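Undergrad: upload_16.cif is the file, holding mmCIF, C-alpha atoms and all ligand atoms:
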```
data_run
#
loop_
_atom_site.label_atom_id
_atom_site.label_comp_id
_atom_site.auth_asym_id
_atom_site.auth_seq_id
_atom_site.Cartn_x
_atom_site.Cartn_y
_atom_site.Cartn_z
CA MET A 124 91.00 151.23 56.37
CA GLN A 125 89.08 148.51 58.20
CA TYR A 126 88.21 148.81 61.90
CA ARG A 127 87.65 146.04 64.46
CA THR A 128 86.01 146.29 67.89
CA PRO A 129 87.23 143.67 70.37
CA THR A 130 84.56 142.98 73.01
CA ARG A 131 86.61 143.79 76.10
CA LEU A 132 87.96 147.07 74.69
CA ALA A 133 84.62 148.15 73.27
CA ARG A 134 86.29 150.75 71.02
CA PRO A 135 86.92 150.38 67.27
CA LEU A 136 90.60 150.19 66.37
CA SER A 137 92.02 150.61 62.88
CA VAL A 138 93.41 147.22 61.80
CA ILE A 139 96.73 148.91 61.09
CA GLY A 140 97.83 150.69 64.23
CA GLN A 141 100.84 152.99 64.25
CA GLY A 142 103.78 151.61 66.22
CA CYS A 143 105.45 154.60 67.93
CA TRP A 144 108.71 153.19 69.28
CA GLN A 145 110.61 154.79 66.37
CA ILE A 146 109.41 158.28 67.25
CA GLY A 147 110.89 157.78 70.72
CA ALA A 148 114.34 156.21 70.34
CA ASP A 149 116.39 153.06 69.61
CA TRP A 150 116.03 153.13 65.81
CA GLY A 151 118.95 155.42 64.98
CA ASP A 152 118.16 159.14 64.81
CA VAL A 153 114.52 159.81 63.93
CA SER A 154 114.21 163.60 63.73
CA SER A 155 111.20 165.41 65.10
CA ASP A 156 110.23 166.37 61.52
CA ALA A 157 110.23 162.67 60.60
CA ALA A 158 108.26 161.81 63.74
CA HIS A 159 105.60 164.41 62.90
CA ALA A 160 105.51 163.14 59.31
CA VAL A 161 104.83 159.60 60.59
CA LEU A 162 101.93 160.76 62.78
CA ASP A 163 100.44 163.05 60.12
CA ALA A 164 100.61 160.31 57.48
CA ALA A 165 99.02 157.81 59.86
CA VAL A 166 96.11 160.13 60.72
CA ASP A 167 95.57 161.05 57.06
CA ALA A 168 95.45 157.35 56.16
CA GLY A 169 92.66 156.59 58.64
CA ILE A 170 94.78 155.14 61.45
CA THR A 171 92.97 155.65 64.76
CA PHE A 172 95.16 153.40 66.92
CA PHE A 173 98.63 154.32 68.19
CA ASP A 174 100.90 152.15 70.33
CA THR A 175 103.52 153.77 72.55
CA ALA A 176 105.27 153.30 75.92
CA ASP A 177 106.44 155.57 78.71
CA VAL A 178 110.05 154.54 78.09
CA TYR A 179 110.19 155.20 74.33
CA GLY A 180 112.71 158.04 74.29
CA ASP A 181 112.00 158.54 78.03
CA GLY A 182 108.59 160.04 77.20
CA ARG A 183 109.34 161.62 73.80
CA SER A 184 106.98 159.27 71.97
CA GLU A 185 104.13 159.84 74.45
CA GLN A 186 104.66 163.62 74.36
CA LEU A 187 104.51 163.69 70.55
CA LEU A 188 101.27 161.71 70.70
CA GLY A 189 99.92 164.05 73.38
CA ALA A 190 100.63 167.03 71.10
CA MET A 191 98.95 165.22 68.18
CA ARG A 192 95.91 164.48 70.32
CA ALA A 193 95.69 168.11 71.46
CA ARG A 194 95.84 169.30 67.84
CA LEU A 195 93.13 166.85 66.75
CA GLY A 196 90.93 167.71 69.74
CA ALA A 197 91.34 171.47 69.43
CA ASP A 198 88.00 171.85 67.66
CA GLY A 199 86.16 170.22 70.56
CA GLY A 200 85.08 166.76 69.32
CA ALA A 201 84.07 164.00 71.76
CA ALA A 202 86.97 162.17 73.45
CA SER A 203 85.76 158.89 71.90
CA ASP A 204 86.34 160.39 68.43
CA LEU A 205 90.01 161.00 69.20
CA PRO A 206 92.61 158.37 68.30
CA PHE A 207 92.90 155.41 70.66
CA ILE A 208 96.29 155.50 72.38
CA ALA A 209 97.71 152.38 73.98
CA THR A 210 100.68 153.03 76.23
CA LYS A 211 102.83 150.74 78.37
CA ALA A 212 104.16 150.90 81.90
CA SER A 213 106.66 148.98 83.99
CA ARG A 214 110.12 149.46 82.57
CA ARG A 215 111.04 152.67 84.38
CA ALA A 216 112.60 150.78 87.30
CA ASP A 217 114.65 147.59 86.87
CA PRO A 218 112.25 145.74 84.53
CA PHE A 219 113.76 142.35 85.34
CA ALA A 220 113.12 142.62 89.11
CA PRO A 221 109.62 141.73 90.37
CA GLU A 222 110.31 144.07 93.37
CA SER A 223 110.09 147.06 90.97
CA PHE A 224 106.40 146.41 90.52
CA THR A 225 105.12 148.20 93.64
CA GLU A 226 101.78 149.98 93.79
CA GLU A 227 103.64 153.26 94.32
CA ASN A 228 105.72 152.78 91.17
CA LEU A 229 102.76 151.68 89.04
CA ARG A 230 100.73 154.68 90.14
CA ALA A 231 103.64 157.08 89.48
CA TRP A 232 104.20 155.63 85.99
CA VAL A 233 100.52 155.97 85.10
CA GLU A 234 100.47 159.57 86.40
CA ARG A 235 103.45 160.42 84.22
CA SER A 236 101.78 158.89 81.13
CA ARG A 237 98.58 160.85 81.85
CA ARG A 238 100.66 164.05 81.90
CA ASN A 239 102.71 163.18 78.81
CA LEU A 240 99.61 162.25 76.82
CA GLY A 241 97.39 165.01 78.27
CA MET A 242 94.67 162.47 79.07
CA ASP A 243 92.57 162.19 82.25
CA THR A 244 91.76 158.57 81.48
CA LEU A 245 94.32 156.56 79.54
CA ASP A 246 92.65 154.41 76.85
CA LEU A 247 94.80 151.35 77.51
CA VAL A 248 97.80 150.64 79.74
CA GLN A 249 99.77 147.50 78.93
CA LEU A 250 102.29 145.93 81.27
CA HIS A 251 105.50 146.21 79.29
CA CYS A 252 106.97 142.69 79.22
CA PRO A 253 107.24 142.23 82.99
CA PRO A 254 109.27 139.37 84.48
CA PRO A 255 107.50 135.97 84.28
CA ALA A 256 106.83 135.84 88.05
CA ILE A 257 104.48 138.85 87.81
CA TYR A 258 101.95 136.91 85.73
CA ARG A 259 101.44 134.40 88.54
CA GLU A 260 100.70 137.00 91.24
CA ASP A 261 97.51 139.02 91.77
CA ARG A 262 99.04 142.15 93.27
CA VAL A 263 99.97 144.06 90.08
CA PHE A 264 96.68 143.16 88.40
CA ASP A 265 94.80 144.33 91.51
CA VAL A 266 96.46 147.75 91.18
CA LEU A 267 95.46 147.91 87.51
CA ASP A 268 91.86 147.06 88.46
CA ALA A 269 91.94 149.82 91.09
CA LEU A 270 93.27 152.35 88.54
CA ALA A 271 90.42 151.36 86.21
CA GLU A 272 87.86 151.83 88.97
CA GLU A 273 89.34 155.27 89.64
CA LYS A 274 89.00 156.02 85.88
CA LYS A 275 92.70 156.80 85.54
CA ILE A 276 92.77 154.08 82.90
CA ALA A 277 89.88 152.79 80.79
CA ALA A 278 91.34 149.33 80.28
CA TRP A 279 94.51 147.34 80.86
CA GLY A 280 96.37 144.68 78.91
CA VAL A 281 99.73 142.98 78.70
CA SER A 282 102.57 143.06 76.21
CA VAL A 283 104.16 139.63 76.50
CA GLU A 284 107.30 137.90 75.30
CA THR A 285 106.03 134.31 75.31
CA CYS A 286 102.88 132.35 74.54
CA GLU A 287 102.99 130.93 78.06
CA GLU A 288 102.76 134.46 79.51
CA ALA A 289 99.85 135.20 77.19
CA MET A 290 97.99 132.07 78.31
CA LEU A 291 98.52 132.94 81.99
CA SER A 292 97.21 136.47 81.36
CA LEU A 293 94.14 135.12 79.61
CA GLU A 294 93.01 133.65 82.93
CA ARG A 295 92.40 137.22 84.19
CA GLU A 296 88.83 138.39 83.91
CA HIS A 297 89.59 142.07 83.25
CA LEU A 298 92.40 141.61 80.73
CA ALA A 299 91.39 143.63 77.64
CA SER A 300 94.30 143.05 75.27
CA ILE A 301 97.41 141.03 74.56
CA GLN A 302 100.26 142.47 72.55
CA ILE A 303 102.46 139.71 71.15
CA ILE A 304 104.97 139.20 68.35
CA LEU A 305 103.06 137.64 65.47
CA ASN A 306 104.32 137.74 61.89
CA PRO A 307 105.38 135.28 59.16
CA PHE A 308 108.45 134.41 61.31
CA ARG A 309 106.49 133.98 64.57
CA LEU A 310 103.59 131.55 64.12
CA LYS A 311 103.27 130.03 67.58
CA PRO A 312 100.57 132.45 68.88
CA LEU A 313 98.24 131.08 66.20
CA GLY A 314 98.15 127.73 67.98
CA GLU A 315 96.53 128.48 71.33
CA VAL A 316 96.86 132.16 72.23
CA VAL A 317 94.92 133.81 69.40
CA PRO A 318 91.95 131.36 69.41
CA THR A 319 91.61 131.63 73.21
CA ALA A 320 91.77 135.43 73.12
CA ASP A 321 89.25 135.46 70.29
CA ALA A 322 86.82 133.29 72.27
CA LYS A 323 87.12 135.61 75.28
CA GLY A 324 86.83 138.89 73.34
CA VAL A 325 90.40 139.93 74.23
CA ALA A 326 92.16 142.08 71.62
CA ILE A 327 95.23 140.65 69.91
CA ILE A 328 97.71 143.33 68.92
CA ALA A 329 100.41 141.94 66.62
CA ARG A 330 103.68 143.74 67.24
CA VAL A 331 106.98 143.63 65.30
CA PRO A 332 104.84 142.65 62.26
CA LEU A 333 107.70 143.30 59.82
CA ALA A 334 110.38 141.55 61.89
CA SER A 335 112.12 144.91 62.50
CA GLY A 336 112.13 145.60 58.76
CA LEU A 337 113.41 142.20 57.56
CA LEU A 338 109.96 141.40 56.16
CA THR A 339 110.11 144.41 53.85
CA GLY A 340 112.82 142.63 51.86
CA LYS A 341 115.03 145.73 51.92
CA PHE A 342 118.01 144.28 53.76
CA SER A 343 121.03 142.41 52.44
CA PRO A 344 124.09 140.81 54.09
CA SER A 345 125.85 144.20 53.89
CA SER A 346 123.09 146.23 55.61
CA GLN A 347 124.46 148.41 58.43
CA PHE A 348 122.62 149.85 61.43
CA ALA A 349 123.56 152.85 63.56
CA ALA A 350 125.10 152.28 66.99
CA ASN A 351 121.92 153.68 68.64
CA ASP A 352 119.70 151.26 66.70
CA HIS A 353 118.67 148.07 68.54
CA ARG A 354 119.36 146.15 65.35
CA SER A 355 123.02 146.85 66.23
CA PHE A 356 122.94 146.55 69.99
CA ASN A 357 120.34 143.87 70.75
CA ARG A 358 120.87 141.17 68.14
CA HIS A 359 121.67 138.62 70.80
CA GLY A 360 119.46 140.03 73.55
CA GLU A 361 122.20 142.22 75.07
CA ALA A 362 119.76 144.99 76.13
CA PHE A 363 116.30 143.36 76.22
CA ASP A 364 114.65 140.19 74.95
CA GLN A 365 116.39 138.86 71.84
CA GLY A 366 112.97 138.16 70.30
CA GLU A 367 112.30 141.90 69.89
CA THR A 368 115.04 142.34 67.28
CA PHE A 369 114.36 140.72 63.89
CA SER A 370 111.80 138.61 65.81
CA GLY A 371 114.66 136.65 67.34
CA VAL A 372 115.65 135.29 63.92
CA ASP A 373 119.33 135.18 63.12
CA PHE A 374 119.88 137.88 60.43
CA GLU A 375 121.37 135.61 57.74
CA THR A 376 118.66 132.96 58.24
CA GLY A 377 116.09 135.75 58.04
CA LEU A 378 117.45 136.85 54.67
CA THR A 379 117.17 133.28 53.35
CA ALA A 380 113.60 133.05 54.60
CA VAL A 381 112.78 136.42 53.02
CA ALA A 382 114.16 135.24 49.65
CA ARG A 383 111.84 132.21 49.78
CA LEU A 384 108.81 134.32 50.61
CA GLU A 385 109.67 136.82 47.83
CA GLN A 386 109.94 133.92 45.41
CA ALA A 387 106.50 132.64 46.39
CA LEU A 388 105.00 136.11 45.86
CA ASP A 389 106.69 136.38 42.46
CA GLY A 390 106.06 140.14 42.33
CA ALA A 391 102.28 139.78 42.86
CA MET A 392 102.43 141.87 46.07
CA PRO A 393 105.25 143.62 47.96
CA LEU A 394 106.50 141.47 50.85
CA ALA A 395 105.70 144.10 53.51
CA GLU A 396 102.12 144.39 52.31
CA ALA A 397 101.74 140.60 52.11
CA SER A 398 103.11 140.20 55.64
CA LEU A 399 100.71 142.78 57.10
CA ARG A 400 97.71 141.46 55.16
CA TRP A 401 98.61 137.88 56.15
CA ILE A 402 98.61 138.86 59.86
CA LEU A 403 95.26 140.63 59.52
CA ALA A 404 93.77 137.59 57.77
CA GLN A 405 94.30 135.42 60.88
CA GLN A 406 91.02 134.90 62.73
CA GLY A 407 91.15 136.62 66.11
CA VAL A 408 93.78 139.26 65.29
CA THR A 409 92.54 142.78 66.06
CA ALA A 410 95.37 144.87 64.59
CA ALA A 411 98.99 144.88 63.45
CA ILE A 412 101.13 147.81 64.58
CA PRO A 413 104.06 148.35 62.19
CA GLY A 414 106.56 150.96 63.26
CA ALA A 415 107.78 153.56 60.76
CA SER A 416 110.68 155.96 60.60
CA SER A 417 109.19 158.09 57.80
CA GLY A 418 105.80 159.34 56.65
CA GLU A 419 106.19 157.33 53.46
CA GLN A 420 106.55 154.06 55.42
CA ALA A 421 103.50 154.88 57.57
CA ARG A 422 101.42 155.69 54.47
CA SER A 423 102.45 152.53 52.69
CA ASN A 424 101.77 150.30 55.72
CA ALA A 425 98.36 151.88 56.29
CA ALA A 426 97.34 150.89 52.76
CA ALA A 427 97.52 147.23 53.84
CA GLY A 428 94.53 147.90 56.11
CA SER A 429 91.99 147.95 53.28
CA ALA A 430 89.74 144.92 52.75
CA PRO A 431 91.56 142.53 50.38
CA THR A 432 90.20 142.15 46.85
CA THR A 433 89.50 138.64 45.51
CA GLU A 434 92.80 138.76 43.63
CA GLN A 435 94.71 139.81 46.75
CA ALA A 436 93.03 137.03 48.76
CA GLU A 437 94.28 134.49 46.19
CA VAL A 438 97.83 135.82 46.48
CA LEU A 439 97.57 135.61 50.27
CA GLY A 440 96.44 131.98 50.06
CA ARG A 441 99.64 131.10 48.17
CA PHE A 442 101.69 133.24 50.55
CA ASP A 443 100.22 131.44 53.57
CA ALA A 444 101.44 128.08 52.23
CA ALA A 445 104.93 129.52 51.71
CA VAL A 446 104.97 131.09 55.18
CA ARG A 447 104.14 127.78 56.88
CA GLU A 448 106.63 125.80 54.80
CA THR A 449 109.41 128.34 55.38
CA TYR A 450 108.65 128.40 59.10
CA ASP A 451 108.77 124.63 59.40
CA GLU A 452 111.99 124.29 57.41
CA LEU A 453 114.04 127.29 58.57
CA LEU A 454 112.65 128.79 61.75
CA ARG A 455 110.49 126.49 63.86
CA GLU A 456 113.37 124.77 65.64
CA SER A 457 114.91 127.98 66.98
CA ILE A 458 111.71 129.99 67.51
CA HIS A 459 109.00 127.64 68.67
CA PRO A 460 110.50 126.32 71.94
CA ARG A 461 111.66 129.76 73.04
CA TRP A 462 108.72 132.10 72.54
N1 LIG B 1 107.90 144.98 74.19
C1 LIG B 1 106.98 145.64 73.51
O1 LIG B 1 105.90 145.85 73.99
C2 LIG B 1 107.32 146.09 72.11
C3 LIG B 1 108.50 145.66 71.51
C4 LIG B 1 108.73 145.99 70.19
C5 LIG B 1 107.80 146.75 69.49
N2 LIG B 1 106.67 147.19 70.12
C6 LIG B 1 105.65 148.01 69.39
O2 LIG B 1 105.42 147.42 68.13
C7 LIG B 1 105.68 148.37 67.09
C8 LIG B 1 106.14 147.65 65.84
O3 LIG B 1 107.30 146.87 66.07
P1 LIG B 1 108.75 147.36 65.59
O4 LIG B 1 108.67 148.79 65.26
O5 LIG B 1 109.70 146.90 66.62
O6 LIG B 1 109.04 146.47 64.30
P2 LIG B 1 108.42 146.40 62.84
O7 LIG B 1 107.14 147.12 62.78
O8 LIG B 1 108.44 144.97 62.48
O9 LIG B 1 109.54 147.11 61.95
C9 LIG B 1 109.64 148.51 61.88
C10 LIG B 1 110.76 148.91 60.93
O10 LIG B 1 110.55 148.32 59.65
C11 LIG B 1 110.91 149.23 58.62
N3 LIG B 1 109.70 149.55 57.86
C12 LIG B 1 108.43 149.68 58.34
N4 LIG B 1 107.59 149.93 57.32
C13 LIG B 1 108.32 149.97 56.21
C14 LIG B 1 107.99 150.19 54.85
N5 LIG B 1 106.74 150.39 54.45
N6 LIG B 1 109.01 150.18 53.94
C15 LIG B 1 110.27 149.95 54.34
N7 LIG B 1 110.65 149.74 55.61
C16 LIG B 1 109.67 149.75 56.54
C17 LIG B 1 111.47 150.45 59.28
O11 LIG B 1 112.88 150.26 59.38
P3 LIG B 1 113.89 151.52 59.18
O12 LIG B 1 113.65 152.37 60.37
O13 LIG B 1 115.22 150.86 59.11
O14 LIG B 1 113.49 152.18 57.91
C18 LIG B 1 110.82 150.41 60.65
O15 LIG B 1 111.56 151.09 61.62
C19 LIG B 1 106.69 149.32 67.74
O16 LIG B 1 106.81 150.55 67.06
C20 LIG B 1 106.14 149.42 69.14
O17 LIG B 1 105.03 150.32 69.15
C21 LIG B 1 106.40 146.85 71.41
#
```
Could I get this structure in the form of structure tokens?
TA:
Amino acid sequence: MQYRTPTRLARPLSVIGQGCWQIGADWGDVSSDAAHAVLDAAVDAGITFFDTADVYGDGRSEQLLGAMRARLGADGGAASDLPFIATKASRRADPFAPESFTEENLRAWVERSRRNLGMDTLDLVQLHCPPPAIYREDRVFDVLDALAEEKKIAAWGVSVETCEEAMLSLEREHLASIQIILNPFRLKPLGEVVPTADAKGVAIIARVPLASGLLTGKFSPSSQFAANDHRSFNRHGEAFDQGETFSGVDFETGLTAVARLEQALDGAMPLAEASLRWILAQQGVTAAIPGASSGEQARSNAAAGSAPTTEQAEVLGRFDAAVRETYDELLRESIHPRW
């Protein structure tokens, strides 16, 4: 596993972080045995960075991480040796209404996360895709600065939907991280967002790196998803931003794009590994955070965090050309103007 230390976070993060939405909810039924298997596999594979949110399973994901942290800390190591846990706040009241973002609410959400995670000082709190108006006001960011001064949080960042929101956030002096959808179907952040963040020492956390599983190549036109899986209930943005499901790519178009990418790889590397390694090869990216619904998936994704061999780098060079061509021909028109 490689580790990167973005200047404004000043803590090393494993380049593959463990996405922990699955161990909360919204991905069909993920049993608690499966959730523990994901976390155990991640820790065993050298993952030291976990991404969660207070709303994932209404706290289930945070509580599982809190229990993991307590187990790992039971033999009394320094807090800085424990895994880095990034959580998110701001979707516990109507997330589409700027009026939900009061100081009282923000403080209550952070208190709840501190309890769930069993941490006095949260490593990183990210605003969880707030409404666009919030980025233009100081008031929420002032509360985050106050929470940092009070040592309730060590750092704050934003999880954004659009590149415009990321660019607005980058104007803030104390912003430590940006979480954004970046994968072979979502290239726009590479234009302006990632280079600007890189120049300022702001971490870039690439979420939805496998396009909700499409970029593993395991789906077909007949794939079915459970009713409590967002890949059933949010395909057109019915519950939250459409871009969060399959990266906002129409499922059939996604399958066509996947076939092209598989063809370019010609069996030299599994598509999931190529996608993760391709993200990590982009200058300025700190980490990719694939989600997993089994220990096996977590283990396999973590393996993409090793430094690429010369042979792997050559494969990735060919893959990069295919990614850009596929994006331009199949995806750019629907993706680029929107996110
Ligand atoms: N607004 C936000 O801030 C926001 C939004 C979305 C995600 N996130 C964060 O980003 C993380 C990653 O995004 P994501 O989970 O939405 O999407 P993702 O990582 O692109 O896709 C995860 C899904 O891909 C499949 N998968 C993963 N690894 C696999 C492997 N090795 N082999 C086969 N299938 C594999 C699994 O599908 P199956 O379960 O079907 O097997 C898994 O549930 C989340 O867990 C969460 O922490 C944040």
Undergrad: Could you list, as a PyMOL selection string, all protein and nucleic acid residues with an atom at most 7 Å from ligand LIG 1 (chain B), counting all atoms listed in the file?
TA: chain A and resi 141-145+150+174-175+251-252+282-283+302+330-336+339+341+367+395+412-416+420-421+423-424
Undergrad: Would you mind exporting the chosen residues as an mmCIF file, in the frame of the given file, restricted to C-alpha atoms?
TA:
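Written out: part02.cif:
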```cif
data_model
loop_
_atom_site.group_PDB
_atom_site.id
_atom_site.type_symbol
_atom_site.label_atom_id
_atom_site.label_comp_id
_atom_site.auth_asym_id
_atom_site.auth_seq_id
_atom_site.Cartn_x
_atom_site.Cartn_y
_atom_site.Cartn_z
ATOM 1 C CA GLN A 141 100.840 152.990 64.250
ATOM 2 C CA GLY A 142 103.780 151.610 66.220
ATOM 3 C CA CYS A 143 105.450 154.600 67.930
ATOM 4 C CA TRP A 144 108.710 153.190 69.280
ATOM 5 C CA GLN A 145 110.610 154.790 66.370
ATOM 6 C CA TRP A 150 116.030 153.130 65.810
ATOM 7 C CA ASP A 174 100.900 152.150 70.330
ATOM 8 C CA THR A 175 103.520 153.770 72.550
ATOM 9 C CA HIS A 251 105.500 146.210 79.290
ATOM 10 C CA CYS A 252 106.970 142.690 79.220
ATOM 11 C CA SER A 282 102.570 143.060 76.210
ATOM 12 C CA VAL A 283 104.160 139.630 76.500
ATOM 13 C CA GLN A 302 100.260 142.470 72.550
ATOM 14 C CA ARG A 330 103.680 143.740 67.240
ATOM 15 C CA VAL A 331 106.980 143.630 65.300
ATOM 16 C CA PRO A 332 104.840 142.650 62.260
ATOM 17 C CA LEU A 333 107.700 143.300 59.820
ATOM 18 C CA ALA A 334 110.380 141.550 61.890
ATOM 19 C CA SER A 335 112.120 144.910 62.500
ATOM 20 C CA GLY A 336 112.130 145.600 58.760
ATOM 21 C CA THR A 339 110.110 144.410 53.850
ATOM 22 C CA LYS A 341 115.030 145.730 51.920
ATOM 23 C CA GLU A 367 112.300 141.900 69.890
ATOM 24 C CA ALA A 395 105.700 144.100 53.510
ATOM 25 C CA ILE A 412 101.130 147.810 64.580
ATOM 26 C CA PRO A 413 104.060 148.350 62.190
ATOM 27 C CA GLY A 414 106.560 150.960 63.260
ATOM 28 C CA ALA A 415 107.780 153.560 60.760
ATOM 29 C CA SER A 416 110.680 155.960 60.600
ATOM 30 C CA GLN A 420 106.550 154.060 55.420
ATOM 31 C CA ALA A 421 103.500 154.880 57.570
ATOM 32 C CA SER A 423 102.450 152.530 52.690
ATOM 33 C CA ASN A 424 101.770 150.300 55.720
#
```
Undergrad: Write out as a VMD selection string the residues lying within 9 Å of stretch 344-351 of chain A, counting all atoms listed in the file and excluding same-chain residues fewer than 6 positions away.
TA: chain A and resid 148 to 152 374 to 375 378
Undergrad: I'd like the neighbourhood of A:Gly169 as a ChimeraX atom specification, where a residue qualifies if any of its atoms comes within 10 Å (using all atoms listed in the file), though same-chain residues fewer than 5 positions away should be ignored.
TA: /A:124-126,137-140,164,206,422,425-426,428
Undergrad: Which residues are near A:Ser213? Cut-off 10 Å, all atoms listed in the file, ignore same chain within fewer than 2 positions. Put them as a list in words.
TA: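 Selected residues are Ala176, Asp177, Val178, Lys211, Arg215, Ala216, Asp217, Pro218, Phe219, Ser223, Phe224, Thr225, Asn228, Leu229, Trp232, Val233, Val248, Gln249, Leu250, His251, Cys252, Pro253 and Pro254 of chain A.
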Undergrad: Give me the residues near A:Arg383 as a list in words, where near means some atom within 9 Å (using only C-alpha atoms) and where sequence neighbours in that chain fewer than 5 positions away do not count.
TA: Leu378, Leu388, Ala445, Val446 and Thr449 of chain A
Undergrad: When you draw a straight line from atom CA of A:Val325 to atom CA of A:Ala299, how long is it in Å?
TA: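 Between atom CA of A:Val325 and atom CA of A:Ala299 the gap is 5.1 Å.
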Undergrad: Given the choices A:Met242, A:Ala256, A:Leu270, A:Ala197, which gets closest to A:Arg230 if the distance is worked out from only C-alpha atoms?
TA: A:Leu270
Undergrad: Enter the distance from atom CA of A:Val438 to atom CA of A:Asp389, in Å, rounded to one decimal.
TA: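 One can read the atom CA of A:Val438 to atom CA of A:Asp389 distance as 9.7 Å.
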Undergrad: Just the residues within 9 Å of A:Tyr258, please, counting only C-alpha atoms, with nothing from its chain fewer than 6 positions along; format it as a ChimeraX atom specification.
TA: /A:264,288-289,291-292
Undergrad: Can you work out the spacing between atom CA of A:Pro460 and atom CA of A:Thr319 in Å, to one decimal?
TA: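 It comes out at 19.7 Å.
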Undergrad: Centre and edge lengths of an axis-aligned box around all listed atoms of stretch 361-377 of chain A, with 4 Å added on each side, are to be given in Å to one decimal, as AutoDock Vina command-line options.
TA:
```
--center_x 117.0 --center_y 139.0 --center_z 67.0 --size_x 18.4 --size_y 20.0 --size_z 26.5
```
Undergrad: In terms of the shortest atom-to-atom distance over only C-alpha atoms, which of A:Ala202, A:Gly407, A:Asp321, A:Glu272 is closest to A:Leu293?
TA: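 Closest residue, counting only C-alpha atoms: A:Asp321.
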Undergrad: Between A:Gly418, A:Gly371, A:Gly390, A:Gly241, which one has atoms that come closest to A:Arg309, using all atoms listed in the file?
TA: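 Of A:Gly418, A:Gly371, A:Gly390, A:Gly241, the one nearest A:Arg309 is A:Gly371, counting all atoms listed in the file.
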